[in-house]
Amino acid sequence: MTGTVIEFYDFFIYGTAAALVFNKVFFPELGAAAGTALALATFGVAFVARPFGSVLFGHFGDRLGRKRTLVTTLLLMGLSTLAIGLLPSTGVIGWVAPALLVLLRVLQGLAVGGEWAGATLLTAENAPAKVRGKYALYPQLGPSVAFALASATFLTTALTMSNEAFLAWGWRIPFIGSVVLVALGLYVRLAITETAAFARRNEAGNASGSTRLPVTEVLTRQPRTVLLGAGSTMAVFAFFYIGVTYLTSYGTQQLGLPRPTVLAMGIIGGLVFAATTIAGAILSDRVGRRRMVIIGNALSVVGGVIAFPIIDLGTAASFGLGLSIVLGVVGIAYGPIGAQLPELFPTRYRYTGAGMSYNLAGVLGGGVVPLIATALVATYATSLAIGLLLAGLAVVSLACTLLLPDSVDESISADAAAPVAA
């Protein structure tokens, strides 16, 4: 949980900065609307890199172990984030600044693409079978806690300096200061042991049981599982990243709310997301992963429709309530997938398979949808169009979940045949 919070904190402070200041720092000649759209596009670049990160780090995670791979992803994320904090603006080095920004964002995407699967396997593969959902929820808390922490960091800077100072150098503090958190994460990860399932595979003399290219085995044996797993998780990403990136910009630019107010509501929304994530994960041990993901996606259909008319009332309270609805409904589905996706794949390529499903969903839901949202509001002059888009995506995720088996009773302790049909 500690390492995942830190990695996603680094990932999210980029999104907050992109929504608040990157249009002025790196794209000053485009104007507020076009600059914000392009800044959010650089945020989305990382989602294109995430599946490649899941393949790259999944390969080493399945071949060499979960622990060493997670240390590498944390270092890559930390160094990339520090470099963004030190990056000169466009006014200083010209077009090189946004080019380097995109490159560093790609490196962040690679790192977080390898992070989630390894972190969830550390818990899921060590967990008692009957409470695997409860154990696997801890890495799942990473995004919600990280969003609340990122919002709190930017809120602190907003309350302690002028807008001019924040734009000139204040936004860099969260990026540079994250070095302290990365050091903490490294301390934790260097102290942990390898997962029980991976260790048993090696003890059985089966270390070479994984193919030389785990991604090849995933795509030949379980391509349908990868696609359905991604589809069932797509709405979670869409709702979450609309909440943590687009609505930060929408609240300040379209609704005219003060930046501290929007950031404070972000803290509340992150805590609501954490609460529903905990509930969804724990309940999945009792009623099944599939059923909880179905409930979460079904509630998301309703949540997508009602949240945005509430947000458009334009008050701080209505913005906080709408944001809490957007983030709260998907926590119910997000909690169980920390156990569900690993349960769908055997040990020898579980890191790669679970990571590919998760990060493909990130491309579809998190990378593309915030860009579409900007265009929808510009075209239809109402955020209800975004709500209808999210509701439609939730229907697709619901359908994909219905086609998946319930994996709650699957054993993940040995490198056996694939636990579900491809």
# chains A, B, ... in the order shown; residues from 1 in each chain; ligands from 1

call {"tool": "select_by_dssp", "arguments": {"residues": "stretch 186-318 of chain A", "states": "helix (DSSP H, G or I)", "output": "compact mmCIF listing (two decimals) with C-alpha atoms, in the first residue's frame"}}
result
# COMPACT_ATOMS: atom_id res chain seq x y z
CA LEU A 186 12.18 2.02 -1.32
CA TYR A 187 12.85 1.30 2.35
CA VAL A 188 9.59 -0.63 2.58
CA ARG A 189 10.01 -2.55 -0.66
CA LEU A 190 13.59 -3.59 0.01
CA ALA A 191 12.43 -5.07 3.31
CA ALA A 196 4.50 -17.28 -1.54
CA ALA A 197 3.14 -18.44 -4.90
CA PHE A 198 6.24 -17.33 -6.83
CA ALA A 199 8.56 -18.85 -4.20
CA ARG A 200 6.73 -22.20 -4.33
CA ARG A 201 7.09 -22.25 -8.09
CA ASN A 202 10.85 -21.85 -7.75
CA GLU A 203 11.10 -24.40 -4.93
CA ALA A 207 11.41 -21.38 -12.35
CA SER A 208 11.70 -21.96 -16.08
CA GLY A 209 8.04 -22.94 -16.28
CA PRO A 214 5.06 -14.32 -20.88
CA VAL A 215 3.12 -11.89 -23.06
CA THR A 216 3.10 -14.47 -25.85
CA GLU A 217 1.54 -17.08 -23.60
CA VAL A 218 -1.03 -14.60 -22.31
CA LEU A 219 -2.11 -13.64 -25.83
CA THR A 220 -2.23 -17.20 -27.13
CA ARG A 221 -3.90 -18.83 -24.11
CA PRO A 223 -6.77 -13.26 -25.04
CA ARG A 224 -10.49 -13.25 -24.30
CA THR A 225 -9.85 -13.04 -20.57
CA VAL A 226 -7.53 -10.06 -21.06
CA LEU A 227 -10.11 -8.20 -23.14
CA LEU A 228 -13.06 -8.97 -20.87
CA GLY A 229 -11.02 -8.08 -17.79
CA ALA A 230 -10.10 -4.77 -19.39
CA GLY A 231 -13.69 -4.12 -20.44
CA SER A 232 -15.06 -4.84 -16.97
CA THR A 233 -12.59 -2.33 -15.46
CA MET A 234 -12.89 0.38 -18.14
CA ALA A 235 -15.67 2.34 -16.42
CA VAL A 236 -13.67 2.49 -13.19
CA PHE A 237 -10.86 4.30 -15.01
CA ALA A 238 -13.24 6.59 -16.89
CA PHE A 239 -15.05 7.76 -13.76
CA PHE A 240 -11.88 8.04 -11.69
CA TYR A 241 -9.85 10.09 -14.13
CA ILE A 242 -12.76 12.35 -14.96
CA GLY A 243 -12.92 12.99 -11.22
CA VAL A 244 -9.22 13.50 -10.52
CA THR A 245 -8.18 15.45 -13.61
CA TYR A 246 -11.01 16.85 -15.72
CA LEU A 247 -13.24 18.01 -12.86
CA THR A 248 -10.30 19.83 -11.26
CA SER A 249 -10.06 21.94 -14.40
CA TYR A 250 -13.85 22.15 -14.85
CA GLY A 251 -14.41 23.37 -11.31
CA THR A 252 -11.93 26.23 -11.60
CA GLN A 253 -12.37 27.27 -15.25
CA GLN A 254 -16.02 26.52 -16.06
CA ARG A 259 -8.77 26.65 -6.57
CA PRO A 260 -8.52 25.89 -2.81
CA THR A 261 -12.21 24.92 -2.79
CA VAL A 262 -11.81 22.51 -5.70
CA LEU A 263 -8.72 20.96 -4.12
CA ALA A 264 -10.44 20.59 -0.74
CA MET A 265 -13.34 18.80 -2.42
CA GLY A 266 -10.74 16.55 -4.06
CA ILE A 267 -9.58 15.43 -0.63
CA ILE A 268 -13.15 14.57 0.34
CA GLY A 269 -13.73 12.73 -2.94
CA GLY A 270 -10.56 10.69 -2.46
CA LEU A 271 -11.67 9.64 1.02
CA VAL A 272 -15.11 8.62 -0.27
CA PHE A 273 -13.44 6.55 -2.97
CA ALA A 274 -11.26 4.89 -0.31
CA ALA A 275 -14.30 4.01 1.80
CA THR A 276 -16.23 2.37 -1.04
CA THR A 277 -13.07 0.56 -2.20
CA ILE A 278 -12.72 -0.99 1.26
CA ALA A 279 -16.39 -1.99 1.32
CA GLY A 280 -16.29 -3.53 -2.17
CA ALA A 281 -13.14 -5.55 -1.48
CA ILE A 282 -14.28 -6.97 1.85
CA LEU A 283 -17.77 -7.81 0.60
CA SER A 284 -16.25 -9.63 -2.40
CA ASP A 285 -14.96 -12.32 -0.04
CA ARG A 286 -18.54 -12.97 1.05
CA VAL A 287 -20.63 -12.57 -2.09
CA ARG A 289 -15.82 -10.66 -6.92
CA ARG A 290 -18.02 -10.79 -10.00
CA ARG A 291 -21.19 -9.83 -8.13
CA MET A 292 -19.54 -6.82 -6.49
CA VAL A 293 -18.10 -5.59 -9.79
CA ILE A 294 -21.56 -5.98 -11.36
CA ILE A 295 -23.11 -3.93 -8.54
CA GLY A 296 -20.44 -1.27 -8.91
CA ASN A 297 -20.87 -0.96 -12.66
CA ALA A 298 -24.67 -0.90 -12.37
CA LEU A 299 -24.52 1.91 -9.81
CA SER A 300 -22.09 3.75 -12.09
CA VAL A 301 -24.74 3.89 -14.82
CA VAL A 302 -26.98 5.81 -12.44
CA GLY A 303 -24.15 7.82 -10.93
CA GLY A 304 -22.94 9.07 -14.28
CA VAL A 305 -26.36 10.50 -15.14
CA ILE A 306 -27.10 12.23 -11.82
CA ALA A 307 -23.64 13.53 -10.85
CA PHE A 308 -23.15 16.22 -13.47
CA PRO A 309 -26.44 18.11 -13.09
CA ILE A 310 -25.53 18.31 -9.39
CA ILE A 311 -22.03 19.58 -10.20
CA ALA A 316 -18.84 24.26 -3.44
CA ALA A 317 -21.22 21.80 -1.77
CA SER A 318 -22.75 20.62 -5.04

call {"tool": "residues_around", "arguments": {"residues": "A:Val106", "least_positions_apart": "2", "cutoff": "7 Å", "atoms": "only C-alpha atoms", "output": "list in words"}}
result
Val45, Ala46, Ala49, Val102, Leu103, Leu104, Gln108, Gly109 and Leu110 of chain A

call {"tool": "write_last_selection", "arguments": {"atoms": "C-alpha atoms", "output": "CSV table (one decimal), in the first residue's frame"}}
result
chain,number,residue,atom,x,y,z
A,45,VAL,CA,0.1,10.0,-23.1
A,46,ALA,CA,1.0,8.0,-20.0
A,49,ALA,CA,2.6,3.8,-22.3
A,102,VAL,CA,6.0,14.3,-22.9
A,103,LEU,CA,9.0,12.0,-22.6
A,104,LEU,CA,9.0,12.1,-18.8
A,108,GLN,CA,5.8,7.7,-15.6
A,109,GLY,CA,3.3,5.7,-17.6
A,110,LEU,CA,5.8,2.8,-18.1

call {"tool": "atom_distance", "arguments": {"atom1": "atom CA of A:Ile372", "atom2": "atom CA of A:Leu403"}}
result
27.3 Å

call {"tool": "residues_around", "arguments": {"residues": "A:Ala150", "least_positions_apart": "2", "cutoff": "7 Å", "atoms": "only C-alpha atoms", "output": "MDAnalysis selection string"}}
result
chainID A and resid 9 12:13 146:148 152:154

call {"tool": "write_last_selection", "arguments": {"atoms": "C-alpha atoms", "output": "tab-separated table (two decimals), in the first residue's frame"}}
result
chain	number	residue	atom	x	y	z
A	9	TYR	CA	0.80	10.22	-5.87
A	12	PHE	CA	-1.61	12.18	-9.95
A	13	ILE	CA	0.25	15.36	-9.09
A	146	ALA	CA	-2.76	9.31	-3.41
A	147	PHE	CA	-5.43	11.57	-4.91
A	148	ALA	CA	-6.36	12.92	-1.49
A	152	ALA	CA	-3.82	18.26	-0.02
A	153	THR	CA	-0.32	19.07	-1.26
A	154	PHE	CA	-1.56	21.47	-3.93

call {"tool": "atom_distance", "arguments": {"atom1": "atom CA of A:Leu82", "atom2": "atom CA of A:Ile176"}}
result
5.0 Å

call {"tool": "residues_around", "arguments": {"residues": "A:Glu115", "least_positions_apart": "3", "cutoff": "10 Å", "atoms": "only C-alpha atoms", "output": "PyMOL selection string"}}
result
chain A and resi 3-4+7-8+50+53-54+57-58+66+69-74+77+109-112+118-120+139+351+355

call {"tool": "atom_distance", "arguments": {"atom1": "atom CA of A:Ala339", "atom2": "atom CA of A:Arg132"}}
result
6.3 Å

call {"tool": "closest_residue", "arguments": {"among": "A:Ala375, A:Leu56, A:Ala39, A:Val5", "to": "A:Ala99", "atoms": "only C-alpha atoms"}}
result
A:Ala39

call {"tool": "residues_around", "arguments": {"residues": "A:Pro88", "least_positions_apart": "3", "cutoff": "7 Å", "atoms": "only C-alpha atoms", "output": "CSV table (one decimal) with N, CA, C and O atoms, in the first residue's frame"}}
result
chain,number,residue,atom,x,y,z
A,92,VAL,N,11.7,29.5,-21.2
A,92,VAL,CA,13.1,29.4,-21.0
A,92,VAL,C,13.9,28.6,-22.1
A,92,VAL,O,14.9,29.1,-22.6
A,93,ILE,N,13.3,27.5,-22.4
A,93,ILE,CA,14.0,26.6,-23.4
A,93,ILE,C,13.2,26.3,-24.6
A,93,ILE,O,13.6,25.4,-25.4
A,97,ALA,N,11.0,22.1,-23.9
A,97,ALA,CA,10.3,21.9,-22.6
A,97,ALA,C,9.1,21.0,-22.8
A,97,ALA,O,9.0,19.9,-22.1

call {"tool": "closest_residue", "arguments": {"among": "A:Gly288, A:Gly114, A:Pro405, A:Pro98", "to": "A:Arg68", "atoms": "only C-alpha atoms"}}
result
A:Gly114
